[in-house]
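A.B. asks: Please read through the structure below; I'll follow up with questions.
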Amino acid sequence: MDTSLIRDTYLSSAVIKKGDYDYVINSMSDGNPAMSKELLDQITDCFIEICDLDCDIILAPEAMALPYGTALTLRTGIPMQIIRKRATGLPGEIVFTSSTGYSKSDMFLNFIPEGSRVMIVDDIISTGGTLVAMAATLKEHGIEVTEAAMVLNKSKDFESLLKRIPFPVRYILRVAVENGKPVLIE
């Protein structure tokens with residue numbers, strides 16, 4: 001699996017502190033600078049290689065998962081639906097609280113019928129707060145999550161996190177920040 005562009009992009013990330021959290025800035029997880037077609041193609045190729053893609057709908061949380069969900073839809077034909085940061089107020093709206101390493105916010109989902117089988121795609125997993133909340137809320141609404149796929153795994157204790165998530169969590173690169181610099185974990 002070719003990850004050369006993904007690796008180079010991560011290793012050239014800027015890192016800023018948001019409280020105690022090392023926030024990486026790159027086109028894959030922050031949207032800056034612009035993402036090339038070649039990088040998006042490589043990420044999509046990797047997702048297709050590592051994922052089962054056995055689902056009815058690809059769920060992509062705003063904002064950075066949108067290019068990945070869109071690219072997977074274009075390649076596989078599986079419909080994509082956005083998990084939004086704003087409420088619509090429609091009846092039956094599903095709400096959960098996203099908790100990242102640096103913020104908390106409500107997220108909203110509409111038009112997912114009970115019994116749906118969904119895959120979650122996102123840019124990065126760090127604390128796992130968003131994924132854990134999403135999984136629990138979807139399960140409460142009779143929606144099965146078949147797998148999740150992340151470009152980057154920045155979790156400091158991924159094995160413990162997996163014990164709280166009842167489906168496979170796949171990722172392309174395992175990464176960290178050490179001494180203010182982005183590093184790969186092999």
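Identifiers for the structure tokens are assigned positionally: chains receive A, B, ... in sequence, residues are indexed from 1 per chain, and ligands are indexed from 1 in the order shown.
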Could you name the residues that touch A:Phe158 at 9 Å or less, counting only C-alpha atoms, but leaving out those on the same chain fewer than 3 positions away, as a ChimeraX atom specification?

C.D. replies: /A:126-128,153-155,161-163

A.B. asks: Can you write just those residues out, N, CA, C and O atoms, as a PDB file, in the first residue's frame?

C.D. replies:
ATOM      1  N   SER A 126      -7.915  10.631  17.865  1.00  0.00           N
ATOM      2  CA  SER A 126      -6.935  10.984  18.882  1.00  0.00           C
ATOM      3  C   SER A 126      -7.418  10.472  20.239  1.00  0.00           C
ATOM      4  O   SER A 126      -6.987   9.438  20.695  1.00  0.00           O
ATOM      5  N   THR A 127      -8.348  11.167  20.857  1.00  0.00           N
ATOM      6  CA  THR A 127      -8.886  10.695  22.133  1.00  0.00           C
ATOM      7  C   THR A 127      -9.961   9.635  21.921  1.00  0.00           C
ATOM      8  O   THR A 127     -10.233   8.854  22.817  1.00  0.00           O
ATOM      9  N   GLY A 128     -10.598   9.641  20.748  1.00  0.00           N
ATOM     10  CA  GLY A 128     -11.672   8.700  20.451  1.00  0.00           C
ATOM     11  C   GLY A 128     -13.022   9.147  20.963  1.00  0.00           C
ATOM     12  O   GLY A 128     -14.024   8.456  20.771  1.00  0.00           O
ATOM     13  N   ASN A 153      -4.127   7.877  12.878  1.00  0.00           N
ATOM     14  CA  ASN A 153      -4.388   7.404  14.235  1.00  0.00           C
ATOM     15  C   ASN A 153      -3.355   8.068  15.146  1.00  0.00           C
ATOM     16  O   ASN A 153      -2.185   7.721  15.118  1.00  0.00           O
ATOM     17  N   LYS A 154      -3.807   9.035  15.921  1.00  0.00           N
ATOM     18  CA  LYS A 154      -2.935   9.772  16.839  1.00  0.00           C
ATOM     19  C   LYS A 154      -3.250   9.414  18.289  1.00  0.00           C
ATOM     20  O   LYS A 154      -2.830  10.087  19.225  1.00  0.00           O
ATOM     21  N   SER A 155      -3.986   8.329  18.493  1.00  0.00           N
ATOM     22  CA  SER A 155      -4.378   7.907  19.828  1.00  0.00           C
ATOM     23  C   SER A 155      -3.160   7.437  20.613  1.00  0.00           C
ATOM     24  O   SER A 155      -2.343   6.655  20.115  1.00  0.00           O
ATOM     25  N   LEU A 161      -8.774   2.159  23.779  1.00  0.00           N
ATOM     26  CA  LEU A 161      -9.878   2.784  23.056  1.00  0.00           C
ATOM     27  C   LEU A 161     -10.708   1.735  22.322  1.00  0.00           C
ATOM     28  O   LEU A 161     -11.936   1.778  22.334  1.00  0.00           O
ATOM     29  N   LEU A 162     -10.048   0.772  21.705  1.00  0.00           N
ATOM     30  CA  LEU A 162     -10.756  -0.275  20.959  1.00  0.00           C
ATOM     31  C   LEU A 162     -11.699  -1.086  21.842  1.00  0.00           C
ATOM     32  O   LEU A 162     -12.707  -1.604  21.361  1.00  0.00           O
ATOM     33  N   LYS A 163     -11.401  -1.180  23.128  1.00  0.00           N
ATOM     34  CA  LYS A 163     -12.265  -1.919  24.052  1.00  0.00           C
ATOM     35  C   LYS A 163     -13.602  -1.216  24.245  1.00  0.00           C
ATOM     36  O   LYS A 163     -14.565  -1.835  24.674  1.00  0.00           O
TER      37      LYS A 163
END

A.B. asks: Would you please give, as a ChimeraX atom specification, all residues of chain A that DSSP assigns to helix (DSSP H, G or I) based on the backbone?

C.D. replies: /A:4-11,37-50,66-76,129-140,158-162

A.B. asks: Export N, CA and C atoms of the chosen residues as a tab-separated table (two decimals), in the first residue's frame?

C.D. replies:
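Result file out_12.tsv:
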chain	number	residue	atom	x	y	z
A	4	SER	N	3.13	7.10	0.58
A	4	SER	CA	4.22	8.09	0.53
A	4	SER	C	3.73	9.54	0.64
A	5	LEU	N	2.69	9.90	-0.08
A	5	LEU	CA	2.19	11.28	0.01
A	5	LEU	C	1.56	11.58	1.36
A	6	ILE	N	0.88	10.60	1.91
A	6	ILE	CA	0.26	10.75	3.23
A	6	ILE	C	1.34	10.96	4.28
A	7	ARG	N	2.38	10.13	4.21
A	7	ARG	CA	3.50	10.23	5.16
A	7	ARG	C	4.19	11.59	5.04
A	8	ASP	N	4.51	11.98	3.82
A	8	ASP	CA	5.20	13.26	3.62
A	8	ASP	C	4.35	14.43	4.10
A	9	THR	N	3.05	14.36	3.83
A	9	THR	CA	2.15	15.43	4.26
A	9	THR	C	2.11	15.52	5.78
A	10	TYR	N	1.99	14.38	6.45
A	10	TYR	CA	1.95	14.41	7.91
A	10	TYR	C	3.27	14.93	8.49
A	11	LEU	N	4.37	14.42	7.96
A	11	LEU	CA	5.67	14.81	8.51
A	11	LEU	C	6.00	16.29	8.30
A	37	LYS	N	-5.16	16.47	-5.66
A	37	LYS	CA	-5.91	15.31	-6.17
A	37	LYS	C	-5.13	14.03	-5.90
A	38	GLU	N	-3.81	14.09	-6.08
A	38	GLU	CA	-2.97	12.90	-5.89
A	38	GLU	C	-3.02	12.42	-4.44
A	39	LEU	N	-2.98	13.35	-3.49
A	39	LEU	CA	-3.06	12.96	-2.08
A	39	LEU	C	-4.43	12.36	-1.77
A	40	LEU	N	-5.50	12.99	-2.23
A	40	LEU	CA	-6.84	12.45	-2.00
A	40	LEU	C	-7.00	11.08	-2.66
A	41	ASP	N	-6.46	10.92	-3.85
A	41	ASP	CA	-6.51	9.61	-4.52
A	41	ASP	C	-5.78	8.55	-3.70
A	42	GLN	N	-4.61	8.91	-3.16
A	42	GLN	CA	-3.84	7.94	-2.38
A	42	GLN	C	-4.60	7.55	-1.11
A	43	ILE	N	-5.19	8.52	-0.43
A	43	ILE	CA	-5.98	8.23	0.77
A	43	ILE	C	-7.15	7.32	0.41
A	44	THR	N	-7.84	7.62	-0.66
A	44	THR	CA	-8.99	6.82	-1.09
A	44	THR	C	-8.55	5.40	-1.45
A	45	ASP	N	-7.45	5.27	-2.18
A	45	ASP	CA	-6.92	3.94	-2.51
A	45	ASP	C	-6.64	3.14	-1.24
A	46	CYS	N	-6.03	3.79	-0.25
A	46	CYS	CA	-5.72	3.10	1.00
A	46	CYS	C	-6.99	2.67	1.72
A	47	PHE	N	-7.99	3.56	1.79
A	47	PHE	CA	-9.25	3.18	2.43
A	47	PHE	C	-9.88	1.98	1.73
A	48	ILE	N	-9.88	1.99	0.43
A	48	ILE	CA	-10.47	0.87	-0.32
A	48	ILE	C	-9.70	-0.42	-0.04
A	49	GLU	N	-8.41	-0.32	0.16
A	49	GLU	CA	-7.60	-1.51	0.44
A	49	GLU	C	-7.81	-2.03	1.86
A	50	ILE	N	-7.95	-1.15	2.86
A	50	ILE	CA	-8.00	-1.61	4.26
A	50	ILE	C	-9.41	-1.82	4.79
A	66	LEU	N	-15.44	15.18	4.99
A	66	LEU	CA	-16.23	15.32	3.76
A	66	LEU	C	-15.48	14.93	2.49
A	67	PRO	N	-14.22	15.33	2.30
A	67	PRO	CA	-13.56	14.89	1.07
A	67	PRO	C	-13.39	13.38	1.01
A	68	TYR	N	-13.17	12.74	2.16
A	68	TYR	CA	-12.95	11.29	2.17
A	68	TYR	C	-14.24	10.53	1.89
A	69	GLY	N	-15.34	10.97	2.50
A	69	GLY	CA	-16.63	10.35	2.22
A	69	GLY	C	-17.03	10.53	0.77
A	70	THR	N	-16.82	11.73	0.25
A	70	THR	CA	-17.16	12.01	-1.16
A	70	THR	C	-16.33	11.14	-2.10
A	71	ALA	N	-15.04	11.07	-1.86
A	71	ALA	CA	-14.16	10.27	-2.73
A	71	ALA	C	-14.55	8.79	-2.69
A	72	LEU	N	-14.87	8.29	-1.49
A	72	LEU	CA	-15.29	6.88	-1.39
A	72	LEU	C	-16.62	6.64	-2.11
A	73	THR	N	-17.53	7.59	-2.02
A	73	THR	CA	-18.79	7.46	-2.74
A	73	THR	C	-18.56	7.44	-4.25
A	74	LEU	N	-17.71	8.32	-4.73
A	74	LEU	CA	-17.43	8.35	-6.17
A	74	LEU	C	-16.80	7.05	-6.65
A	75	ARG	N	-15.96	6.42	-5.83
A	75	ARG	CA	-15.29	5.19	-6.22
A	75	ARG	C	-16.14	3.95	-6.04
A	76	THR	N	-16.99	3.93	-4.99
A	76	THR	CA	-17.70	2.69	-4.65
A	76	THR	C	-19.19	2.72	-5.00
A	129	GLY	N	-13.08	10.32	21.60
A	129	GLY	CA	-14.33	10.80	22.19
A	129	GLY	C	-15.47	10.92	21.19
A	130	THR	N	-15.18	11.43	20.03
A	130	THR	CA	-16.22	11.59	19.01
A	130	THR	C	-16.73	10.24	18.54
A	131	LEU	N	-15.82	9.32	18.26
A	131	LEU	CA	-16.21	8.01	17.74
A	131	LEU	C	-16.99	7.21	18.78
A	132	VAL	N	-16.59	7.25	20.04
A	132	VAL	CA	-17.29	6.53	21.10
A	132	VAL	C	-18.72	7.08	21.25
A	133	ALA	N	-18.85	8.41	21.27
A	133	ALA	CA	-20.19	9.02	21.40
A	133	ALA	C	-21.06	8.70	20.19
A	134	MET	N	-20.47	8.77	19.01
A	134	MET	CA	-21.21	8.48	17.78
A	134	MET	C	-21.71	7.03	17.80
A	135	ALA	N	-20.82	6.10	18.14
A	135	ALA	CA	-21.17	4.68	18.14
A	135	ALA	C	-22.31	4.38	19.11
A	136	ALA	N	-22.23	4.93	20.33
A	136	ALA	CA	-23.27	4.69	21.33
A	136	ALA	C	-24.61	5.26	20.88
A	137	THR	N	-24.59	6.47	20.34
A	137	THR	CA	-25.83	7.11	19.91
A	137	THR	C	-26.46	6.38	18.73
A	138	LEU	N	-25.66	5.99	17.77
A	138	LEU	CA	-26.20	5.26	16.61
A	138	LEU	C	-26.81	3.93	17.05
A	139	LYS	N	-26.13	3.23	17.95
A	139	LYS	CA	-26.65	1.95	18.45
A	139	LYS	C	-28.00	2.15	19.14
A	140	GLU	N	-28.13	3.22	19.94
A	140	GLU	CA	-29.40	3.53	20.62
A	140	GLU	C	-30.53	3.73	19.62
A	158	PHE	N	-4.49	3.39	21.86
A	158	PHE	CA	-5.44	2.88	20.89
A	158	PHE	C	-6.05	1.55	21.34
A	159	GLU	N	-5.26	0.68	21.96
A	159	GLU	CA	-5.75	-0.62	22.37
A	159	GLU	C	-6.85	-0.48	23.42
A	160	SER	N	-6.71	0.42	24.37
A	160	SER	CA	-7.76	0.66	25.37
A	160	SER	C	-8.99	1.27	24.71
A	161	LEU	N	-8.77	2.16	23.78
A	161	LEU	CA	-9.88	2.78	23.06
A	161	LEU	C	-10.71	1.74	22.32
A	162	LEU	N	-10.05	0.77	21.70
A	162	LEU	CA	-10.76	-0.28	20.96
A	162	LEU	C	-11.70	-1.09	21.84

A.B. asks: So that I can check the surroundings of A:Met119, please list as a VMD selection string every protein, DNA and RNA residue that reaches within 6 Å of it, counting only C-alpha atoms and ignoring chain neighbours fewer than 2 positions away.

C.D. replies: chain A and resid 58 to 59 145 to 148

A.B. asks: Any chance you could list, as number ranges by chain, the residues in chain A that come up strand (DSSP E or B) when DSSP is run on the backbone?

C.D. replies: A: 14-18, 21-25, 57-61, 80-84, 94-99, 104-109, 117-125, 144-153, 169-178, 181-184

A.B. asks: Please, could you write that set of residues out with C-alpha atoms as a compact mmCIF listing (two decimals), in the first residue's frame?

C.D. replies:
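Once written, selection.txt looks like this:
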# COMPACT_ATOMS: atom_id res chain seq x y z
CA ALA A 14 2.81 22.41 11.55
CA VAL A 15 2.02 21.73 15.21
CA ILE A 16 0.33 24.19 17.55
CA LYS A 17 -0.82 23.81 21.13
CA LYS A 18 -4.51 24.02 21.98
CA TYR A 21 -3.31 19.15 23.02
CA ASP A 22 -0.83 18.99 20.11
CA TYR A 23 -2.93 20.05 17.11
CA VAL A 24 -1.45 19.17 13.72
CA ILE A 25 -2.08 21.43 10.75
CA ILE A 57 -24.19 4.49 3.93
CA ILE A 58 -20.86 6.19 4.52
CA LEU A 59 -21.13 8.71 7.37
CA ALA A 60 -18.74 11.67 7.24
CA PRO A 61 -18.63 14.19 10.10
CA MET A 80 -22.53 9.35 1.77
CA GLN A 81 -24.33 11.28 4.46
CA ILE A 82 -22.96 14.19 6.48
CA ILE A 83 -22.97 14.34 10.25
CA ARG A 84 -23.57 18.05 10.70
CA ILE A 94 -30.14 12.30 16.18
CA VAL A 95 -27.87 14.37 18.45
CA PHE A 96 -24.61 13.42 20.14
CA THR A 97 -21.77 15.33 21.77
CA SER A 98 -18.41 15.24 20.04
CA SER A 99 -15.54 15.43 22.47
CA LYS A 104 -16.72 19.71 22.74
CA SER A 105 -19.67 20.28 20.45
CA ASP A 106 -22.99 18.78 19.49
CA MET A 107 -23.33 16.96 16.16
CA PHE A 108 -26.53 16.16 14.28
CA LEU A 109 -27.75 13.46 11.93
CA ARG A 117 -25.62 -0.37 8.31
CA VAL A 118 -23.13 2.50 8.25
CA MET A 119 -19.40 3.06 7.99
CA ILE A 120 -17.84 6.11 9.62
CA VAL A 121 -14.96 7.82 7.85
CA ASP A 122 -12.92 10.62 9.41
CA ASP A 123 -9.60 12.40 9.23
CA ILE A 124 -8.02 11.58 12.58
CA ILE A 125 -8.64 9.68 15.78
CA GLU A 144 -25.28 -0.67 13.05
CA VAL A 145 -21.78 0.70 12.57
CA THR A 146 -19.86 -1.88 10.53
CA GLU A 147 -16.45 -0.17 10.73
CA ALA A 148 -14.69 3.16 11.02
CA ALA A 149 -11.79 4.38 8.90
CA MET A 150 -9.38 7.17 9.77
CA VAL A 151 -6.55 8.66 7.77
CA LEU A 152 -4.45 9.20 10.89
CA ASN A 153 -4.39 7.40 14.24
CA VAL A 169 -11.41 0.86 13.53
CA ARG A 170 -9.02 1.01 10.61
CA TYR A 171 -6.42 3.65 9.88
CA ILE A 172 -3.78 4.40 7.29
CA LEU A 173 -0.96 5.80 9.45
CA ARG A 174 -0.18 5.69 13.16
CA VAL A 175 1.25 9.06 14.14
CA ALA A 176 2.27 11.14 17.12
CA VAL A 177 3.77 14.46 18.08
CA GLU A 178 7.04 14.34 19.99
CA LYS A 181 7.29 17.65 15.87
CA PRO A 182 5.13 15.23 13.87
CA VAL A 183 6.46 11.64 13.88
CA LEU A 184 5.35 8.30 12.45

A.B. asks: In Å, how far is it from atom CA of A:Leu90 to atom CA of A:Ile78?

C.D. replies: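 Interatomic distance here is 24.4 Å.
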
A.B. asks: To one decimal place in Å, what is the distance between atom CA of A:Ile143 and atom CA of A:Gly115?

C.D. replies: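 For atom CA of A:Ile143 relative to atom CA of A:Gly115, the distance reads 5.2 Å.
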
A.B. asks: Quick one: distance from atom CA of A:Phe111 to atom CA of A:Met64 in Å, one decimal?

C.D. replies: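 Separation of atom CA of A:Phe111 and atom CA of A:Met64: 21.1 Å.
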